[in-house]
$ cat query-v4.txt   # compact mmCIF, C-alpha atoms
# COMPACT_ATOMS: atom_id res chain seq x y z
CA MET A 9 -17.99 45.61 133.99
CA THR A 10 -17.29 49.12 132.75
CA ALA A 11 -20.12 50.83 130.92
CA GLU A 12 -19.37 51.95 127.40
CA ARG A 13 -19.79 55.69 127.49
CA VAL A 14 -20.55 57.50 124.31
CA HIS A 15 -17.62 59.84 124.35
CA PRO A 16 -17.51 63.30 122.82
CA ASN A 17 -15.72 63.93 119.53
CA TYR A 18 -12.20 64.46 120.86
CA VAL A 19 -10.88 65.89 117.60
CA ALA A 20 -13.69 68.46 117.40
CA ILE A 21 -12.89 69.58 120.95
CA TRP A 22 -9.22 69.86 120.00
CA VAL A 23 -10.11 72.09 117.03
CA TRP A 24 -12.08 74.37 119.36
CA LEU A 25 -9.17 74.45 121.84
CA VAL A 26 -6.74 75.49 119.12
CA VAL A 27 -9.14 78.13 117.74
CA LEU A 28 -9.61 79.55 121.24
CA MET A 29 -5.87 79.56 121.82
CA VAL A 30 -5.30 81.58 118.65
CA ALA A 31 -8.18 83.88 119.63
CA GLY A 32 -6.51 84.48 122.98
CA VAL A 33 -3.22 85.43 121.37
CA LEU A 34 -4.94 87.73 118.86
CA ALA A 35 -7.00 89.33 121.63
CA THR A 36 -3.85 90.95 122.96
CA ARG A 37 -3.61 92.92 119.71
CA LEU A 38 -7.12 94.37 119.98
CA PRO A 39 -7.33 98.13 120.55
CA LEU A 40 -9.06 97.72 123.91
CA GLY A 41 -8.21 98.83 127.43
CA LYS A 42 -5.95 96.76 129.70
CA SER A 43 -8.80 95.40 131.87
CA ALA A 44 -10.91 94.50 128.85
CA VAL A 45 -8.08 92.52 127.23
CA ASN A 46 -7.17 90.76 130.49
CA SER A 47 -10.82 89.84 131.13
CA LEU A 48 -11.13 88.53 127.58
CA ILE A 49 -8.03 86.33 127.66
CA PHE A 50 -8.97 84.83 131.03
CA ALA A 51 -12.55 84.25 129.92
CA ILE A 52 -11.14 82.40 126.89
CA ALA A 53 -8.87 80.38 129.22
CA ALA A 54 -11.87 79.50 131.41
CA VAL A 55 -13.81 78.26 128.37
CA LYS A 56 -10.83 76.14 127.26
CA ALA A 57 -10.47 74.68 130.77
CA ALA A 58 -14.20 73.90 130.85
CA LEU A 59 -13.97 72.17 127.45
CA VAL A 60 -11.10 69.97 128.69
CA ALA A 61 -12.77 69.25 132.03
CA LEU A 62 -16.22 68.45 130.64
CA ASN A 63 -15.11 66.46 127.59
CA TYR A 64 -11.62 65.00 128.08
CA MET A 65 -12.10 64.45 131.81
CA HIS A 66 -15.65 63.23 131.20
CA LEU A 67 -17.10 65.49 133.88
CA ARG A 68 -20.27 65.69 131.78
CA SER A 69 -21.12 62.12 132.67
CA GLU A 70 -19.71 61.82 136.18
CA ASN A 71 -21.65 61.66 139.43
CA TRP A 72 -22.11 64.59 141.80
CA LEU A 73 -19.31 63.58 144.18
CA ILE A 74 -16.70 63.92 141.44
CA TYR A 75 -18.19 67.26 140.43
CA ALA A 76 -17.95 68.47 144.02
CA LEU A 77 -14.32 67.33 144.25
CA ALA A 78 -13.57 69.27 141.09
CA ILE A 79 -15.49 72.47 141.80
CA VAL A 80 -15.04 73.10 145.54
CA PRO A 81 -11.25 73.66 145.50
CA VAL A 82 -11.60 76.06 142.57
CA LEU A 83 -14.21 78.07 144.48
CA LEU A 84 -12.00 78.01 147.59
CA VAL A 85 -8.99 79.34 145.69
CA VAL A 86 -10.98 82.11 144.00
CA ALA A 87 -12.57 83.09 147.33
CA MET A 88 -9.18 83.01 149.09
CA THR A 89 -7.61 85.30 146.49
CA LEU A 90 -10.51 87.75 146.44
CA VAL A 91 -10.65 87.92 150.22
CA LEU A 92 -6.99 88.94 150.38
CA PHE A 93 -7.31 91.63 147.73
CA PRO A 94 -8.30 94.46 150.10
CA ASP A 95 -5.29 93.79 152.31
CA ILE A 96 -2.63 93.22 149.71
CA VAL A 97 -3.71 95.06 146.60
CA PHE A 98 -5.72 98.02 147.82
CA HIS A 99 -3.82 98.57 151.01
CA HIS A 100 -0.89 100.37 149.41
CA MET B 10 -28.96 36.07 155.96
CA THR B 11 -27.77 39.46 154.80
CA VAL B 12 -26.60 40.08 151.27
CA VAL B 13 -24.11 42.91 150.93
CA PHE B 14 -24.13 44.52 147.54
CA GLU B 15 -20.67 45.83 146.77
CA GLN B 16 -21.07 48.83 144.51
CA SER B 17 -17.65 50.34 144.71
CA THR B 18 -15.08 48.99 142.28
CA PRO B 19 -11.35 49.60 142.15
CA ALA B 20 -11.95 51.80 139.10
CA LEU B 21 -14.38 54.07 140.93
CA ARG B 22 -12.18 54.22 144.03
CA GLY B 23 -9.18 55.02 141.86
CA LYS B 24 -11.08 57.76 140.08
CA ILE B 25 -12.19 59.36 143.33
CA ALA B 26 -8.62 59.10 144.60
CA ILE B 27 -7.14 60.90 141.59
CA TRP B 28 -9.79 63.62 141.86
CA TRP B 29 -8.71 64.08 145.48
CA VAL B 30 -5.14 64.46 144.26
CA ILE B 31 -6.31 66.98 141.63
CA ALA B 32 -8.28 68.86 144.30
CA SER B 33 -5.17 69.29 146.44
CA GLU B 34 -3.10 70.23 143.37
CA VAL B 35 -5.69 72.92 142.58
CA MET B 36 -4.98 74.38 146.02
CA ILE B 37 -1.23 74.31 145.38
CA PHE B 38 -1.32 75.89 141.94
CA GLY B 39 -4.26 78.08 142.87
CA GLY B 40 -2.39 79.47 145.84
CA ALA B 41 0.67 80.18 143.71
CA VAL B 42 -1.35 81.76 140.89
CA GLY B 43 -3.40 83.80 143.38
CA SER B 44 -0.20 85.09 144.97
CA TYR B 45 1.11 86.12 141.55
CA ILE B 46 -2.13 87.93 140.72
CA MET B 47 -2.09 89.80 144.03
CA ALA B 48 1.60 90.68 143.88
CA ARG B 49 1.21 91.94 140.33
CA ALA B 50 -1.94 93.92 141.07
CA ALA B 51 -0.31 95.47 144.15
CA SER B 52 2.79 96.76 142.35
CA PRO B 53 2.35 96.72 138.57
CA GLY B 54 5.85 97.82 137.65
CA TRP B 55 7.83 94.60 137.89
CA SER B 56 5.68 92.65 135.43
CA ALA B 57 7.24 94.65 132.60
CA GLU B 58 9.85 91.87 132.75
CA ALA B 59 7.23 89.67 131.09
CA ALA B 60 8.14 91.37 127.82
CA HIS B 61 11.30 89.21 127.83
CA LEU B 62 9.21 86.07 127.43
CA SER B 63 8.55 84.53 124.05
CA THR B 64 4.79 84.37 123.45
CA PHE B 65 5.49 82.44 120.26
CA MET B 66 7.33 79.62 122.05
CA ALA B 67 4.67 79.46 124.73
CA ALA B 68 1.92 79.33 122.10
CA ILE B 69 3.70 76.38 120.47
CA ASN B 70 3.92 74.74 123.89
CA THR B 71 0.22 75.37 124.50
CA PHE B 72 -0.56 73.71 121.16
CA VAL B 73 1.68 70.76 122.10
CA LEU B 74 -0.05 70.24 125.44
CA LEU B 75 -3.57 70.63 124.03
CA THR B 76 -2.76 68.01 121.40
CA SER B 77 -1.32 65.69 124.05
CA SER B 78 -4.61 65.94 125.95
CA MET B 79 -6.44 64.83 122.85
CA THR B 80 -4.09 61.88 122.28
CA MET B 81 -4.44 60.87 125.95
CA ALA B 82 -8.24 60.91 125.64
CA MET B 83 -7.91 58.82 122.48
CA ALA B 84 -5.70 56.33 124.33
CA PHE B 85 -8.51 55.82 126.83
CA ALA B 86 -11.09 55.53 124.04
CA SER B 87 -8.89 52.82 122.45
CA TYR B 88 -8.79 50.96 125.76
CA GLN B 89 -12.58 51.09 125.96
CA LYS B 90 -12.79 49.58 122.46
CA GLY B 91 -10.26 46.89 123.40
CA ASP B 92 -7.79 48.23 120.80
CA GLN B 93 -4.45 47.49 122.48
CA ARG B 94 -2.38 48.81 119.57
CA GLY B 95 -4.36 52.03 119.64
CA VAL B 96 -3.64 52.33 123.36
CA ARG B 97 0.10 52.01 122.71
CA ARG B 98 0.05 54.37 119.74
CA PHE B 99 -1.79 57.15 121.54
CA LEU B 100 0.14 56.71 124.78
CA LEU B 101 3.40 57.00 122.84
CA LEU B 102 2.17 60.17 121.11
CA THR B 103 1.18 61.64 124.47
CA ILE B 104 4.59 60.85 125.95
CA LEU B 105 6.43 62.35 122.98
CA LEU B 106 4.33 65.50 123.09
CA GLY B 107 4.99 65.81 126.82
CA LEU B 108 8.72 65.50 126.20
CA ALA B 109 8.45 68.09 123.41
CA PHE B 110 6.84 70.47 125.90
CA LEU B 111 9.69 69.92 128.35
CA GLY B 112 12.26 70.38 125.58
CA ILE B 113 10.77 73.72 124.52
CA LYS B 114 10.59 74.79 128.17
CA ALA B 115 14.26 73.86 128.64
CA TYR B 116 15.16 75.93 125.58
CA GLU B 117 13.20 78.88 126.98
CA TYR B 118 14.89 78.60 130.38
CA THR B 119 18.30 78.42 128.74
CA SER B 120 17.69 81.58 126.73
CA HIS B 121 16.43 83.44 129.81
CA ILE B 122 19.44 82.38 131.86
CA MET B 123 21.83 83.40 129.09
CA GLU B 124 20.22 86.85 129.13
CA GLY B 125 20.84 87.00 132.87
CA ALA B 126 17.26 86.34 134.01
CA VAL B 127 17.61 83.78 136.79
CA PRO B 128 15.08 82.89 139.53
CA TRP B 129 16.57 85.49 141.88
CA SER B 130 16.57 88.31 139.33
CA GLY B 131 13.42 89.81 140.83
CA SER B 132 9.82 89.13 141.81
CA PHE B 133 8.57 88.42 138.32
CA TRP B 134 11.30 85.92 137.56
CA SER B 135 10.86 84.17 140.93
CA PHE B 136 7.19 83.71 140.17
CA TYR B 137 7.84 82.71 136.57
CA TYR B 138 10.39 80.02 137.41
CA MET B 139 8.35 78.75 140.35
CA LEU B 140 5.06 78.50 138.44
CA THR B 141 6.45 77.06 135.22
CA GLY B 142 9.03 74.92 137.04
CA LEU B 143 6.41 73.33 139.30
CA HIS B 144 4.22 72.75 136.25
CA ALA B 145 7.12 71.22 134.29
CA LEU B 146 7.79 68.79 137.15
CA HIS B 147 4.15 67.73 136.96
CA VAL B 148 4.48 67.21 133.20
CA LEU B 149 7.58 65.06 133.82
CA ALA B 150 5.78 62.96 136.46
CA GLY B 151 2.84 62.46 134.11
CA ALA B 152 5.14 61.45 131.27
CA ILE B 153 6.81 58.86 133.51
CA VAL B 154 3.45 57.38 134.55
CA ASN B 155 2.32 57.30 130.92
CA PHE B 156 5.57 55.55 129.97
CA ILE B 157 4.97 52.88 132.62
CA LEU B 158 1.48 52.31 131.18
CA PHE B 159 2.96 52.23 127.67
CA LEU B 160 5.36 49.47 128.71
CA ALA B 161 2.52 47.54 130.38
CA ALA B 162 0.40 47.83 127.24
CA GLY B 163 3.36 46.57 125.21
CA ARG B 164 3.62 43.39 127.27
CA GLY B 165 0.03 42.61 126.50
CA LEU B 166 -1.03 43.49 130.02
CA SER B 167 -4.19 45.47 130.21
CA THR B 168 -3.59 48.96 131.45
CA GLY B 169 -7.07 48.75 132.85
CA TYR B 170 -8.75 51.72 134.40
CA ARG B 171 -5.30 53.13 135.24
CA ILE B 172 -5.33 54.73 131.83
CA GLU B 173 -8.36 56.78 132.74
CA ILE B 174 -6.76 57.79 136.04
CA ALA B 175 -3.50 58.78 134.36
CA GLY B 176 -5.56 60.64 131.76
CA LEU B 177 -7.38 62.65 134.41
CA TYR B 178 -4.05 63.72 135.89
CA TRP B 179 -2.69 64.61 132.46
CA HIS B 180 -5.73 66.73 131.56
CA PHE B 181 -5.38 68.57 134.86
CA VAL B 182 -1.75 69.41 134.04
CA ASP B 183 -3.00 70.71 130.68
CA ILE B 184 -5.62 72.88 132.40
CA VAL B 185 -2.97 74.42 134.67
CA TRP B 186 -0.98 75.43 131.58
CA ILE B 187 -4.17 76.77 129.95
CA PHE B 188 -4.21 79.33 132.78
CA LEU B 189 -0.44 79.86 133.09
CA PHE B 190 -0.15 80.79 129.40
CA PRO B 191 -2.37 83.90 129.54
CA LEU B 192 -1.23 84.72 133.08
CA LEU B 193 2.48 84.91 132.31
CA TYR B 194 2.68 85.48 128.57
CA LEU B 195 -0.47 87.30 127.42
CA SER B 196 -1.72 89.54 130.20
CA TYR B 197 -0.55 93.10 130.68

$ encode --input "query-v4.txt" --output "structure tokens"
Amino acid sequence: MTAERVHPNYVAIWVWLVVLMVAGVLATRLPLGKSAVNSLIFAIAAVKAALVALNYMHLRSENWLIYALAIVPVLLVVAMTLVLFPDIVFHH
Amino acid sequence: MTVVFEQSTPALRGKIAIWWVIASEVMIFGGAVGSYIMARAASPGWSAEAAHLSTFMAAINTFVLLTSSMTMAMAFASYQKGDQRGVRRFLLLTILLGLAFLGIKAYEYTSHIMEGAVPWSGSFWSFYYMLTGLHALHVLAGAIVNFILFLAAGRGLSTGYRIEIAGLYWHFVDIVWIFLFPLLYLSY
């Protein structure tokens, strides 16, 4: 028997996602430096991804094993990319 | 006499299985995105080609995919409430939005190709076609799975927990686009 989860307000999350999307597009027009704008748009993307993962994918209410399955590959990919930076990006 | 208490259900096993699939997909897309970031950071010049992309079209596509994630979540919520018609309605919306995404992508590709920007036009275009092409194939696969569930729901068969599993896959595909959009279209 599946438990009836109280699910988040999917429409409210959607509104936030759309607002953040528009914010991301507008951020490119801000009179800031290149790094600042790039950091801002990726931070916005990370928040949107977290909203989808926690609410639509119900990660908020899942057990630790599912969390681990979700988080570990992300950490691996980030670590992999960062570790290669000195060789590929700064080498030239 | 030993009593064995079976705690794992097909639903839980299926959920863990799809998260394993998502985990390996994260490595695939993550590797590709990481390569793009490194190649672009190493030699900034070639990303000027990104100016040829239409941010407007991609923003529309982002909106389409975000909305499809909401309708997919609502399809699952309908299943939980036992609302079979709601399941069909929201699954159909999700499928149509997915097809809209693919249609807009096809239009974008066509306009690039007509301008002479093909996958072998340079590093940027190779990355662009590879990243968005791989993502589009995932959208297509998800739309096919959703269509199968839509047909099952139409015959009065319960989609069961498969709707949650298909939903998890669909949300993952949305999350990949959430990162591809700023990566290819917004960053400079």

$ residues_around --input "query-v4.txt" --residues "segment 62-68 of chain A" --least-positions-apart "5" --cutoff "12 Å" --atoms "all atoms listed in the file" --output "PyMOL selection string"
(chain A and resi 13-22+24-25+54-57+73-79) or (chain B and resi 24+27-28+31+75-86+172-184)

$ closest_residue --input "query-v4.txt" --among "A:Pro39, A:Ile96, A:Leu34, A:Met29" --to "Ile52 of chain A" --atoms "all atoms listed in the file"
A:Met29

$ residues_around --input "query-v4.txt" --residues "Val97 of chain A" --least-positions-apart "5" --cutoff "9 Å" --atoms "only C-alpha atoms" --output "list in words"
Leu92 of chain A; Met47, Ala48, Arg49, Ala50, Ala51 and Ser52 of chain B

$ closest_residue --input "query-v4.txt" --among "B:Leu195, B:Leu111, B:Ile25, B:Met123" --to "Leu146 of chain B" --atoms "only C-alpha atoms"
B:Leu111

$ atom_distance --input "query-v4.txt" --atom1 "atom CA of Ala67 of chain B" --atom2 "atom CA of Tyr194 of chain B"
7.4 Å

$ residues_near_point --input "query-v4.txt" --point "(6.5, 89.2, 138.8)" --cutoff "9 Å" --atoms "only C-alpha atoms" --output "ChimeraX atom specification"
/B:45-46,48-49,53-59,131-137,193

$ atom_distance --input "query-v4.txt" --atom1 "atom CA of Arg37 of chain A" --atom2 "atom CA of Thr64 of chain B"
12.6 Å

$ closest_residue --input "query-v4.txt" --among "A:Leu48, A:Val86, A:Val91, A:Val80" --to "Gly32 of chain A" --atoms "only C-alpha atoms"
A:Leu48
